[in-house]
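Enquirer: Coordinates in upload-v8.txt, compact mmCIF, C-alpha atoms, are listed below.
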```
# COMPACT_ATOMS: atom_id res chain seq x y z
CA MET A 907 61.47 55.45 207.86
CA GLN A 908 64.22 56.50 210.23
CA GLN A 909 65.87 53.70 212.22
CA SER A 910 64.07 54.52 215.45
CA THR A 911 60.77 54.15 213.61
CA MET A 912 61.93 50.97 211.84
CA CYS A 913 62.68 49.42 215.21
CA LEU A 914 59.02 49.82 216.14
CA HIS A 915 57.23 49.26 212.83
CA SER A 916 59.31 47.34 210.27
CA GLY A 917 58.51 43.71 209.60
CA TYR A 918 54.99 43.62 210.99
CA THR A 919 51.95 45.75 210.23
CA PRO A 920 48.73 44.63 211.92
CA GLY A 921 45.53 44.64 209.90
CA ASN A 922 42.09 45.63 211.09
CA GLY A 923 41.40 43.98 214.44
CA GLU A 924 44.76 42.17 214.52
CA PRO A 925 47.24 42.23 217.46
CA ARG A 926 49.16 45.49 217.83
CA VAL A 927 52.20 43.59 219.19
CA LEU A 928 53.96 41.03 216.99
CA PRO A 929 52.24 37.71 217.84
CA ILE A 930 54.09 34.48 218.61
CA CYS A 931 53.20 31.88 215.98
CA GLN A 932 53.95 28.93 218.22
CA SER A 933 53.57 26.23 215.59
CA THR A 934 56.11 23.95 213.95
CA THR A 935 54.00 23.49 210.84
CA PHE A 936 51.30 25.11 208.69
CA ARG A 937 48.21 23.75 206.93
CA TYR A 938 47.57 23.91 203.18
CA GLU A 939 44.56 22.88 201.12
CA SER A 940 46.32 20.80 198.48
CA THR A 941 49.43 18.78 197.81
CA ALA A 942 50.08 21.01 194.80
CA ALA A 943 50.32 24.08 197.03
CA ILE A 944 52.81 22.34 199.29
CA ALA A 945 54.80 21.12 196.27
CA ARG A 946 55.17 24.70 195.01
CA LEU A 947 56.63 25.69 198.38
CA PHE A 948 59.15 22.84 198.29
CA ASP A 949 60.17 23.80 194.76
CA LEU A 950 60.69 27.42 195.91
CA GLU A 951 58.17 28.61 193.34
CA GLU A 952 56.07 30.48 195.92
CA PRO A 953 56.89 32.16 199.24
CA GLY A 954 55.26 30.83 202.37
CA PHE A 955 55.70 28.89 205.58
CA PHE A 956 55.50 25.14 205.83
CA TYR A 957 57.97 24.16 208.58
CA THR A 958 59.41 26.47 211.22
CA ARG A 959 62.98 25.27 210.65
CA LEU A 960 62.91 27.13 207.32
CA GLY A 961 60.52 29.93 208.17
CA ASN A 962 57.98 31.13 210.69
CA PRO A 963 55.80 34.28 210.61
CA THR A 964 57.19 35.64 213.89
CA VAL A 965 60.79 34.96 212.90
CA ASP A 966 60.17 36.35 209.42
CA ALA A 967 58.92 39.66 210.81
CA VAL A 968 62.10 40.06 212.87
CA GLU A 969 64.25 39.12 209.87
CA GLN A 970 62.56 41.80 207.81
CA LYS A 971 63.12 44.36 210.56
CA ILE A 972 66.85 43.59 210.88
CA ALA A 973 67.31 43.61 207.10
CA ALA A 974 65.69 47.05 206.98
CA LEU A 975 67.88 48.36 209.79
CA GLU A 976 71.06 47.18 208.04
CA GLY A 977 69.88 48.30 204.60
CA GLY A 978 69.95 44.76 203.21
CA VAL A 979 67.71 42.71 200.93
CA GLY A 980 67.12 39.88 203.38
CA ALA A 981 68.12 38.30 206.67
CA LEU A 982 68.20 34.86 208.26
CA CYS A 983 67.83 34.45 212.02
CA THR A 984 69.75 31.61 213.66
CA SER A 985 69.92 29.95 217.05
CA SER A 986 73.10 31.79 218.11
CA GLY A 987 75.80 34.13 216.88
CA GLN A 988 78.09 31.15 216.33
CA ALA A 989 75.39 29.55 214.19
CA ALA A 990 75.16 32.74 212.12
CA THR A 991 78.90 32.75 211.40
CA THR A 992 78.85 29.03 210.61
CA THR A 993 75.92 29.52 208.25
CA LEU A 994 77.69 32.41 206.55
CA VAL A 995 80.87 30.43 205.93
CA LEU A 996 79.21 27.18 204.84
CA THR A 997 76.97 29.00 202.36
CA LEU A 998 80.12 30.12 200.53
CA CYS A 999 82.84 27.60 201.36
CA LYS A 1000 83.33 23.88 200.91
CA ALA A 1001 86.21 21.50 201.60
CA GLY A 1002 89.31 22.81 199.88
CA ASP A 1003 88.24 26.46 200.07
CA HIS A 1004 89.95 29.20 202.04
CA LEU A 1005 89.02 32.41 203.79
CA VAL A 1006 90.86 35.42 205.18
CA CYS A 1007 89.99 36.75 208.64
CA SER A 1008 91.24 39.55 210.84
CA SER A 1009 93.16 38.18 213.82
CA GLN A 1010 91.29 40.64 216.04
CA VAL A 1011 88.01 38.76 216.32
CA TYR A 1012 85.94 37.15 219.04
CA GLY A 1013 87.58 34.03 220.50
CA GLY A 1014 84.64 31.84 219.53
CA THR A 1015 84.98 32.96 215.92
CA PHE A 1016 88.71 32.27 216.03
CA ASN A 1017 88.18 28.72 217.31
CA LEU A 1018 85.39 28.04 214.82
CA LEU A 1019 87.63 29.00 211.90
CA ALA A 1020 91.00 27.82 213.16
CA VAL A 1021 89.90 24.49 214.64
CA THR A 1022 86.41 23.22 213.81
CA LEU A 1023 86.02 24.32 210.19
CA LYS A 1024 89.60 23.27 209.54
CA ARG A 1025 88.39 19.71 210.22
CA PHE A 1026 85.84 20.28 207.44
CA GLY A 1027 88.64 21.11 205.03
CA ILE A 1028 88.07 24.88 205.10
CA ALA A 1029 91.32 26.75 205.75
CA THR A 1030 91.69 30.21 207.29
CA THR A 1031 94.55 32.68 207.19
CA PHE A 1032 94.45 35.25 209.99
CA ILE A 1033 95.79 38.67 209.06
CA ASP A 1034 96.85 41.83 210.83
CA GLN A 1035 94.15 44.25 209.70
CA HIS A 1036 96.60 47.11 210.17
CA ALA A 1037 99.11 45.68 207.69
CA SER A 1038 99.59 47.26 204.27
CA ASP A 1039 97.34 46.28 201.38
CA GLU A 1040 100.24 44.38 199.87
CA GLU A 1041 100.82 42.35 203.03
CA ILE A 1042 97.13 41.53 203.40
CA GLU A 1043 96.84 40.47 199.76
CA LYS A 1044 99.61 37.90 200.28
CA ALA A 1045 97.11 35.95 202.37
CA PHE A 1046 94.83 35.36 199.38
CA THR A 1047 94.98 32.14 197.36
CA PRO A 1048 93.07 30.93 194.29
CA GLN A 1049 90.77 29.11 196.74
CA THR A 1050 89.88 32.20 198.82
CA ARG A 1051 86.14 32.74 198.95
CA LEU A 1052 85.52 35.18 201.82
CA VAL A 1053 87.02 37.91 204.01
CA ILE A 1054 85.79 38.45 207.60
CA GLY A 1055 86.30 41.25 210.13
CA GLU A 1056 84.52 42.89 213.08
CA THR A 1057 83.29 46.50 213.12
CA LEU A 1058 84.36 46.78 216.76
CA ALA A 1059 86.55 43.83 217.67
CA ASN A 1060 85.75 41.80 220.76
CA PRO A 1061 87.60 42.48 223.08
CA ALA A 1062 90.45 44.37 221.38
CA LEU A 1063 88.10 47.29 220.56
CA SER A 1064 89.86 47.95 217.26
CA VAL A 1065 87.77 49.61 214.56
CA LEU A 1066 87.72 47.92 211.16
CA ASP A 1067 88.60 50.04 208.14
CA ILE A 1068 85.64 48.64 206.20
CA LYS A 1069 86.20 50.57 202.98
CA ARG A 1070 89.80 49.43 202.68
CA LEU A 1071 89.12 45.77 203.45
CA ALA A 1072 86.12 45.76 201.10
CA ALA A 1073 88.29 47.12 198.29
CA ILE A 1074 90.91 44.42 198.89
CA ALA A 1075 88.29 41.67 198.98
CA HIS A 1076 86.65 42.91 195.79
CA ARG A 1077 89.97 43.03 193.95
CA HIS A 1078 90.08 39.30 194.58
CA ARG A 1079 86.43 38.85 193.51
CA VAL A 1080 85.23 37.72 196.95
CA PRO A 1081 82.77 39.31 199.43
CA LEU A 1082 83.57 41.05 202.70
CA ALA A 1083 81.53 39.92 205.71
CA VAL A 1084 81.47 42.10 208.82
CA ASP A 1085 80.46 41.06 212.32
CA ASN A 1086 78.52 44.14 213.43
CA THR A 1087 77.53 42.86 216.87
CA PHE A 1088 79.06 45.58 219.05
CA ALA A 1089 78.14 48.52 216.82
CA THR A 1090 74.69 47.33 215.73
CA PRO A 1091 73.13 49.08 212.71
CA ILE A 1092 72.29 52.00 214.99
CA LEU A 1093 75.96 53.02 215.18
CA CYS A 1094 77.26 51.58 211.89
CA ARG A 1095 75.81 50.08 208.72
CA PRO A 1096 78.72 48.23 207.05
CA PHE A 1097 76.86 48.00 203.73
CA ASP A 1098 77.17 51.77 203.42
CA TYR A 1099 80.95 51.33 203.28
CA GLY A 1100 81.22 48.46 200.83
CA ALA A 1101 80.68 45.34 202.96
CA ASP A 1102 78.59 42.63 201.30
CA LEU A 1103 77.38 40.53 204.23
CA VAL A 1104 76.78 41.18 207.92
CA VAL A 1105 76.46 38.85 210.89
CA HIS A 1106 75.36 39.55 214.45
CA SER A 1107 75.19 37.75 217.70
CA THR A 1108 71.71 39.06 218.48
CA THR A 1109 72.29 37.72 222.00
CA LYS A 1110 74.19 40.93 222.65
CA TYR A 1111 72.88 44.48 222.11
CA MET A 1112 69.99 43.55 219.80
CA ASP A 1113 68.38 41.48 222.54
CA GLY A 1114 70.09 43.59 225.17
CA HIS A 1115 68.53 41.99 228.23
CA ALA A 1116 70.39 38.65 228.46
CA VAL A 1117 67.25 36.59 227.88
CA GLN A 1118 67.61 34.94 224.46
CA LEU A 1119 70.44 33.44 222.43
CA GLY A 1120 70.37 34.26 218.75
CA GLY A 1121 72.20 35.29 215.63
CA VAL A 1122 71.45 36.70 212.21
CA VAL A 1123 73.01 36.82 208.76
CA VAL A 1124 72.13 39.82 206.55
CA ASP A 1125 72.62 40.06 202.79
CA SER A 1126 73.29 43.42 201.14
CA GLY A 1127 72.30 42.09 197.72
CA ASN A 1128 75.24 43.99 196.23
CA PHE A 1129 77.76 41.24 195.49
CA ASP A 1130 77.62 39.98 191.90
CA TRP A 1131 77.99 36.22 192.29
CA ALA A 1132 77.90 35.58 188.55
CA ALA A 1133 80.49 38.20 187.65
CA SER A 1134 82.89 36.87 190.30
CA GLU A 1135 83.11 33.47 188.54
CA LEU A 1136 84.30 31.94 191.86
CA PHE A 1137 80.88 30.76 193.05
CA PRO A 1138 79.49 28.25 190.52
CA GLU A 1139 76.95 26.96 193.04
CA PHE A 1140 75.08 30.27 192.68
CA VAL A 1141 74.94 30.21 188.87
CA GLU A 1142 74.71 26.48 188.12
CA PRO A 1143 71.63 24.26 188.65
CA ASP A 1144 71.06 22.96 192.17
CA PRO A 1145 70.10 19.27 191.89
CA SER A 1146 68.43 19.34 195.31
CA TYR A 1147 65.87 21.79 193.90
CA HIS A 1148 65.28 20.28 190.45
CA GLY A 1149 67.95 22.34 188.74
CA LEU A 1150 67.03 25.75 190.17
CA VAL A 1151 69.66 28.47 189.59
CA TYR A 1152 69.81 30.89 192.53
CA THR A 1153 70.95 34.02 190.70
CA GLN A 1154 68.28 33.54 188.05
CA ALA A 1155 65.45 32.71 190.42
CA PHE A 1156 66.22 35.16 193.25
CA GLY A 1157 68.45 37.88 191.82
CA LYS A 1158 69.90 40.07 194.58
CA GLN A 1159 68.57 37.69 197.24
CA ALA A 1160 70.52 34.71 195.87
CA PHE A 1161 72.84 34.42 198.87
CA ILE A 1162 70.27 34.72 201.65
CA VAL A 1163 67.87 32.29 199.95
CA LYS A 1164 70.65 29.76 199.43
CA ALA A 1165 71.68 30.12 203.09
CA ARG A 1166 68.12 29.36 204.15
CA VAL A 1167 67.11 26.58 201.79
CA GLN A 1168 70.43 24.72 201.85
CA ILE A 1169 72.37 25.37 205.07
CA MET A 1170 69.41 26.01 207.39
CA ARG A 1171 67.55 23.14 205.76
CA ASP A 1172 70.40 20.72 206.44
CA LEU A 1173 71.89 22.00 209.72
CA GLY A 1174 68.67 23.21 211.37
CA CYS A 1175 70.21 25.98 213.51
CA CYS A 1176 67.00 28.04 213.42
CA GLN A 1177 65.62 30.65 215.76
CA SER A 1178 62.36 29.82 217.53
CA ALA A 1179 59.18 31.90 217.39
CA GLN A 1180 59.47 32.58 221.12
CA GLY A 1181 63.10 33.60 220.72
CA ALA A 1182 62.25 35.95 217.87
CA PHE A 1183 59.53 37.53 220.00
CA TYR A 1184 62.04 38.30 222.77
CA LEU A 1185 64.52 39.63 220.20
CA ASN A 1186 61.87 41.91 218.77
CA LEU A 1187 61.23 43.42 222.19
CA GLY A 1188 64.92 44.25 222.42
CA LEU A 1189 65.01 45.75 218.93
CA GLU A 1190 62.18 48.13 219.77
CA THR A 1191 64.38 50.01 222.26
CA LEU A 1192 67.74 49.48 220.53
CA PRO A 1193 68.26 53.11 219.38
CA LEU A 1194 67.64 54.47 222.88
CA ARG A 1195 69.87 51.91 224.53
CA MET A 1196 72.82 52.29 222.15
CA VAL A 1197 72.97 56.03 222.75
CA GLN A 1198 72.85 55.59 226.53
CA HIS A 1199 75.36 52.72 226.53
CA SER A 1200 77.75 54.91 224.53
CA GLN A 1201 77.32 57.95 226.76
CA ASN A 1202 77.81 55.92 229.95
CA ALA A 1203 80.85 54.14 228.56
CA GLN A 1204 82.44 57.39 227.47
CA GLN A 1205 82.26 58.71 231.04
CA VAL A 1206 83.62 55.47 232.49
CA ALA A 1207 86.46 55.31 229.95
CA GLU A 1208 87.49 58.89 230.71
CA TYR A 1209 87.48 58.16 234.45
CA LEU A 1210 89.51 54.94 234.17
CA SER A 1211 92.02 56.43 231.73
CA THR A 1212 93.25 58.81 234.44
CA HIS A 1213 93.22 56.35 237.36
CA SER A 1214 96.56 55.63 239.02
CA LYS A 1215 96.00 51.84 239.02
CA VAL A 1216 95.07 51.65 235.36
CA ALA A 1217 97.81 51.14 232.78
CA GLY A 1218 95.56 51.82 229.82
CA VAL A 1219 92.02 51.86 228.45
CA ARG A 1220 91.04 50.75 224.98
CA TYR A 1221 87.96 52.66 223.91
CA PRO A 1222 87.76 54.39 220.53
CA GLY A 1223 85.75 57.24 222.03
CA LEU A 1224 88.88 58.48 223.81
CA LYS A 1225 90.72 61.12 221.79
CA ASN A 1226 94.09 59.48 222.35
CA ASP A 1227 92.87 56.03 221.30
CA PRO A 1228 94.59 54.76 218.13
CA TYR A 1229 91.19 53.99 216.59
CA HIS A 1230 89.57 57.32 217.42
CA ALA A 1231 89.84 58.62 213.85
CA LEU A 1232 88.31 55.44 212.39
CA ALA A 1233 85.54 55.61 214.99
CA GLN A 1234 84.73 59.14 213.88
CA GLN A 1235 84.62 57.90 210.28
CA TYR A 1236 82.52 54.77 210.71
CA LEU A 1237 80.48 55.12 213.92
CA LYS A 1238 77.49 57.45 214.15
CA ASP A 1239 78.45 60.68 215.90
CA GLY A 1240 81.60 58.92 217.12
CA MET A 1241 79.54 56.84 219.57
CA CYS A 1242 81.51 53.70 220.38
CA SER A 1243 79.02 51.41 222.11
CA GLY A 1244 79.35 50.28 225.71
CA VAL A 1245 82.31 47.89 225.75
CA MET A 1246 85.90 48.74 226.63
CA SER A 1247 89.07 46.87 227.53
CA VAL A 1248 90.99 47.92 230.65
CA GLU A 1249 94.61 47.05 231.39
CA LEU A 1250 95.37 47.24 235.11
CA LYS A 1251 98.83 47.79 236.54
CA GLY A 1252 99.91 44.48 238.02
CA GLY A 1253 98.79 42.25 235.14
CA ARG A 1254 96.76 39.06 235.59
CA GLN A 1255 96.71 39.17 239.40
CA ALA A 1256 95.51 42.77 239.47
CA GLY A 1257 92.82 42.02 236.91
CA ALA A 1258 91.49 39.15 238.99
CA GLY A 1259 91.61 41.19 242.18
CA PHE A 1260 89.70 44.03 240.58
CA ILE A 1261 86.95 41.75 239.29
CA ASP A 1262 86.62 39.87 242.57
CA HIS A 1263 86.04 43.09 244.52
CA LEU A 1264 83.27 44.50 242.33
CA LYS A 1265 79.79 44.64 243.89
CA LEU A 1266 77.41 46.32 241.42
CA CYS A 1267 79.24 45.21 238.27
CA SER A 1268 78.83 41.48 237.71
CA PRO A 1269 81.52 38.97 236.65
CA GLU A 1270 79.73 37.24 233.76
CA VAL A 1271 80.44 35.35 230.57
CA HIS A 1272 78.40 37.90 228.69
CA VAL A 1273 78.65 41.33 227.19
CA ALA A 1274 76.38 44.07 225.86
CA ASP A 1275 73.73 43.72 228.55
CA ILE A 1276 71.66 46.49 230.16
CA ARG A 1277 73.51 45.65 233.41
CA THR A 1278 77.23 46.34 233.72
CA CYS A 1279 79.29 43.16 233.47
CA VAL A 1280 82.98 42.34 233.45
CA LEU A 1281 85.14 39.45 232.19
CA HIS A 1282 88.77 38.34 232.00
CA PRO A 1283 89.10 37.13 228.36
CA ALA A 1284 92.43 35.31 228.72
CA SER A 1285 90.92 32.89 231.24
CA SER A 1286 87.47 32.59 229.67
CA THR A 1287 86.36 33.45 226.11
CA HIS A 1288 89.92 33.32 224.72
CA ARG A 1289 91.46 30.75 227.09
CA GLN A 1290 92.14 28.25 224.27
CA MET A 1291 94.55 30.70 222.62
CA THR A 1292 98.29 30.64 223.12
CA ASP A 1293 100.03 33.78 224.40
CA GLU A 1294 101.16 34.47 220.84
CA GLN A 1295 97.59 34.14 219.54
CA LEU A 1296 96.33 36.35 222.36
CA ASN A 1297 98.86 38.99 221.38
CA GLN A 1298 97.77 38.77 217.73
CA ALA A 1299 94.17 39.25 218.84
CA GLY A 1300 95.15 42.34 220.82
CA ILE A 1301 94.63 40.73 224.22
CA SER A 1302 97.14 40.82 227.07
CA PRO A 1303 96.97 38.34 230.00
CA GLY A 1304 95.82 41.10 232.35
CA LEU A 1305 93.19 42.61 230.10
CA VAL A 1306 89.70 43.09 231.58
CA ARG A 1307 86.66 43.52 229.33
CA LEU A 1308 84.15 45.93 230.85
CA SER A 1309 80.67 46.17 229.38
CA VAL A 1310 79.04 49.34 230.71
CA GLY A 1311 75.32 49.02 231.32
CA LEU A 1312 72.48 51.47 231.80
CA GLU A 1313 72.82 52.07 235.53
CA ASN A 1314 73.40 55.62 236.71
CA THR A 1315 77.05 56.37 235.93
CA ALA A 1316 77.63 57.70 239.45
CA ASP A 1317 76.84 54.25 240.84
CA ILE A 1318 79.04 52.51 238.26
CA LEU A 1319 81.97 54.80 239.01
CA GLU A 1320 81.55 54.37 242.75
CA ASP A 1321 81.76 50.59 242.39
CA LEU A 1322 84.81 50.80 240.14
CA GLU A 1323 86.53 53.14 242.59
CA GLN A 1324 85.97 50.91 245.62
CA ALA A 1325 87.15 47.83 243.71
CA LEU A 1326 90.29 49.57 242.50
CA GLY A 1327 91.00 50.67 246.07
CA SER A 1328 90.66 47.15 247.46
CA PHE A 1329 93.92 45.66 246.24
```
How does this structure look as C-alpha cells?

Expert:
Amino acid sequence: MQQSTMCLHSGYTPGNGEPRVLPICQSTTFRYESTAAIARLFDLEEPGFFYTRLGNPTVDAVEQKIAALEGGVGALCTSSGQAATTTLVLTLCKAGDHLVCSSQVYGGTFNLLAVTLKRFGIATTFIDQHASDEEIEKAFTPQTRLVIGETLANPALSVLDIKRLAAIAHRHRVPLAVDNTFATPILCRPFDYGADLVVHSTTKYMDGHAVQLGGVVVDSGNFDWAASELFPEFVEPDPSYHGLVYTQAFGKQAFIVKARVQIMRDLGCCQSAQGAFYLNLGLETLPLRMVQHSQNAQQVAEYLSTHSKVAGVRYPGLKNDPYHALAQQYLKDGMCSGVMSVELKGGRQAGAGFIDHLKLCSPEVHVADIRTCVLHPASSTHRQMTDEQLNQAGISPGLVRLSVGLENTADILEDLEQALGSF
C-alpha cells in the first residue's frame, strides 16, 4: 500500500460485523482460560495481551501502522516523546556506556542526555554534525553504543546527512537513531538512508491537533546485534526470562521486543488505549496535513525572508538556505514541513515584541499543530542552556520558532505583517 492508504488501513482490519473505526479497548487486563496460557505469555512463547502496560489491542494497531509507515519491523508507543528517547537509550546503554549526539537537537533531548542520564552513568558527547568524518569519529570511545540525530533539528532547522552519519556509526559497530518528529515518515523515511532506529514525539505532527501526548520508537530490523559484538545483552541469556536470547527468539525484532519486555516492563511509560485512539485519528490525515503545512510554510518563509525587519529565516525550502541541497536529497519533493526559525533585527527584545503583538498566531509551548503557533526557544524550551550551548545548538537569543498551521496563508501573512509593524 502507498502511505496515504497505510494511514487509513494499516494495523487494523475489521472482520464481518466488527467496528469500521479502530475501537478503544479500555481495559487494563485480559482474561485467559488457564494458568498455562498466561504462563506462555509471561515466558514470551506466544504473542498476546495480558496487561496494558506491555500491550493493548488499540495501541498495538497504532504501533503496526507507524511501523508500516516507517518501513520498520516493529514499533513501541510510549507516553511522550521524551519517554521514547529514554526507552531507546536505556534499551542499549547501561552505566559506563557512552553515546554520540548531534548538538543540534531539541532542548529536552539535550537535557535528558547531558544532565539526567549522566546521573545514571551514561555519558554523551555532543558533536557538530557538519564537522568532517575524522572530527566526528574522535568523539567515539570503546564504550560508545549509539549515535543520535534529528532529521529536521528543533529549532535550528538543520537537515541531517543521514547516509553519512549512518556510515560513521556503522564503522564503529553501533546503530544510528534518528528523531524523525518534524519530517514524519510522509516526508522522510530514515531507514531508507541507513538509519537503524527512529523515534518520534507523536505529540507533534502525528497527532497534529494538540490533544494527546505520546511518543514512539521504531525498529528497522536491519542492525546486526550479534555481528556488532558490542551488545551482549541481545545475544546472551536474559535471566529475567528464563535464559531467553533475544536474537535467537525474535530475529530482526530483537531490539523492539527487548525495549518492550524489559524497559517498558520496568519503567511503565506506556501509551493508553484512549491516547492511541486519538493518535490514530491524527495519522489518518497525516499525508494531507504534511503537504499543506509544507506549502503554507514555504509561502510564509518566502515572505519573511524579504521583510525589512527580519535578519534571516532558517527554512530548508528556501533556495539560499544552507540545508536546501540536503532537503532536496532527503525530504520528499523538497517539502520541509511547517516549522521555521526567524531571526528578527533587534535581537531578544524584537523577538519578544513580535510575539506579543501577534493575534491569530498563538504564543505556545508547542509546535507542529494545525494552528499556527510561535515560541522563543532561548527563554522556554532551551532556557537551561548557556549562551555557548545555545550557539552550538544553532539558536541565537533572538531566535523565534514559528510553526505554520493550516489556516489560509493570507490570514497568517496579515497577522505577521501587523505584528512586525507594531514595534

Enquirer: At what distance in Å, to one decimal, does CA of Gln1198 (chain A) lie from CA of Ser1211 (chain A)?

Expert: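 Calculated distance between CA of Ser1211 (chain A) and CA of Gln1198 (chain A) is 19.9 Å.
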
Enquirer: Nearest to Leu1322 (chain A) among A:Asp1262, A:Asp1102, A:Asp1113, A:Asp1034, with distances taken over only C-alpha atoms: which residue is it?

Expert: A:Asp1262

Enquirer: By how many Å are CA of Val1271 (chain A) and CA of Pro1193 (chain A) apart?

Expert: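 Pair CA of Val1271 (chain A) / CA of Pro1193 (chain A) returns 24.3 Å.
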
Enquirer: Kindly give the distance, in Å, that separates CA of Met1291 (chain A) and CA of Ser1009 (chain A), rounded to a single decimal.

Expert: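 Separation of CA of Met1291 (chain A) and CA of Ser1009 (chain A): 11.6 Å.
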
Enquirer: From the set A:Gly1257, A:Cys999, A:Arg1070, A:Lys1251, which residue has the shortest atom-to-atom contact distance to His1213 (chain A), counting only C-alpha atoms?

Expert: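 That would be A:Lys1251, the residue with the smallest distance to His1213 (chain A).
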
Enquirer: Using only C-alpha atoms, which residue out of A:Ala1233, A:Val1065, A:Cys1094, A:Ala981 lies closest to Ser1126 (chain A)?

Expert: A:Ala981

Enquirer: Which of these, A:His1076, A:Ser1214, A:Leu975, A:Tyr1209, has the shortest distance to Pro1096 (chain A) once you count all atoms listed in the file?

Expert: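 With all atoms listed in the file as the atom set, the closest residue is A:Leu975.
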
Enquirer: Nearest to Ser1268 (chain A): which of A:Met1241, A:Ile1162, A:Val1310, A:Val1197 is it, counting all atoms listed in the file?

Expert: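 Result for the nearest residue to Ser1268 (chain A): A:Val1310.
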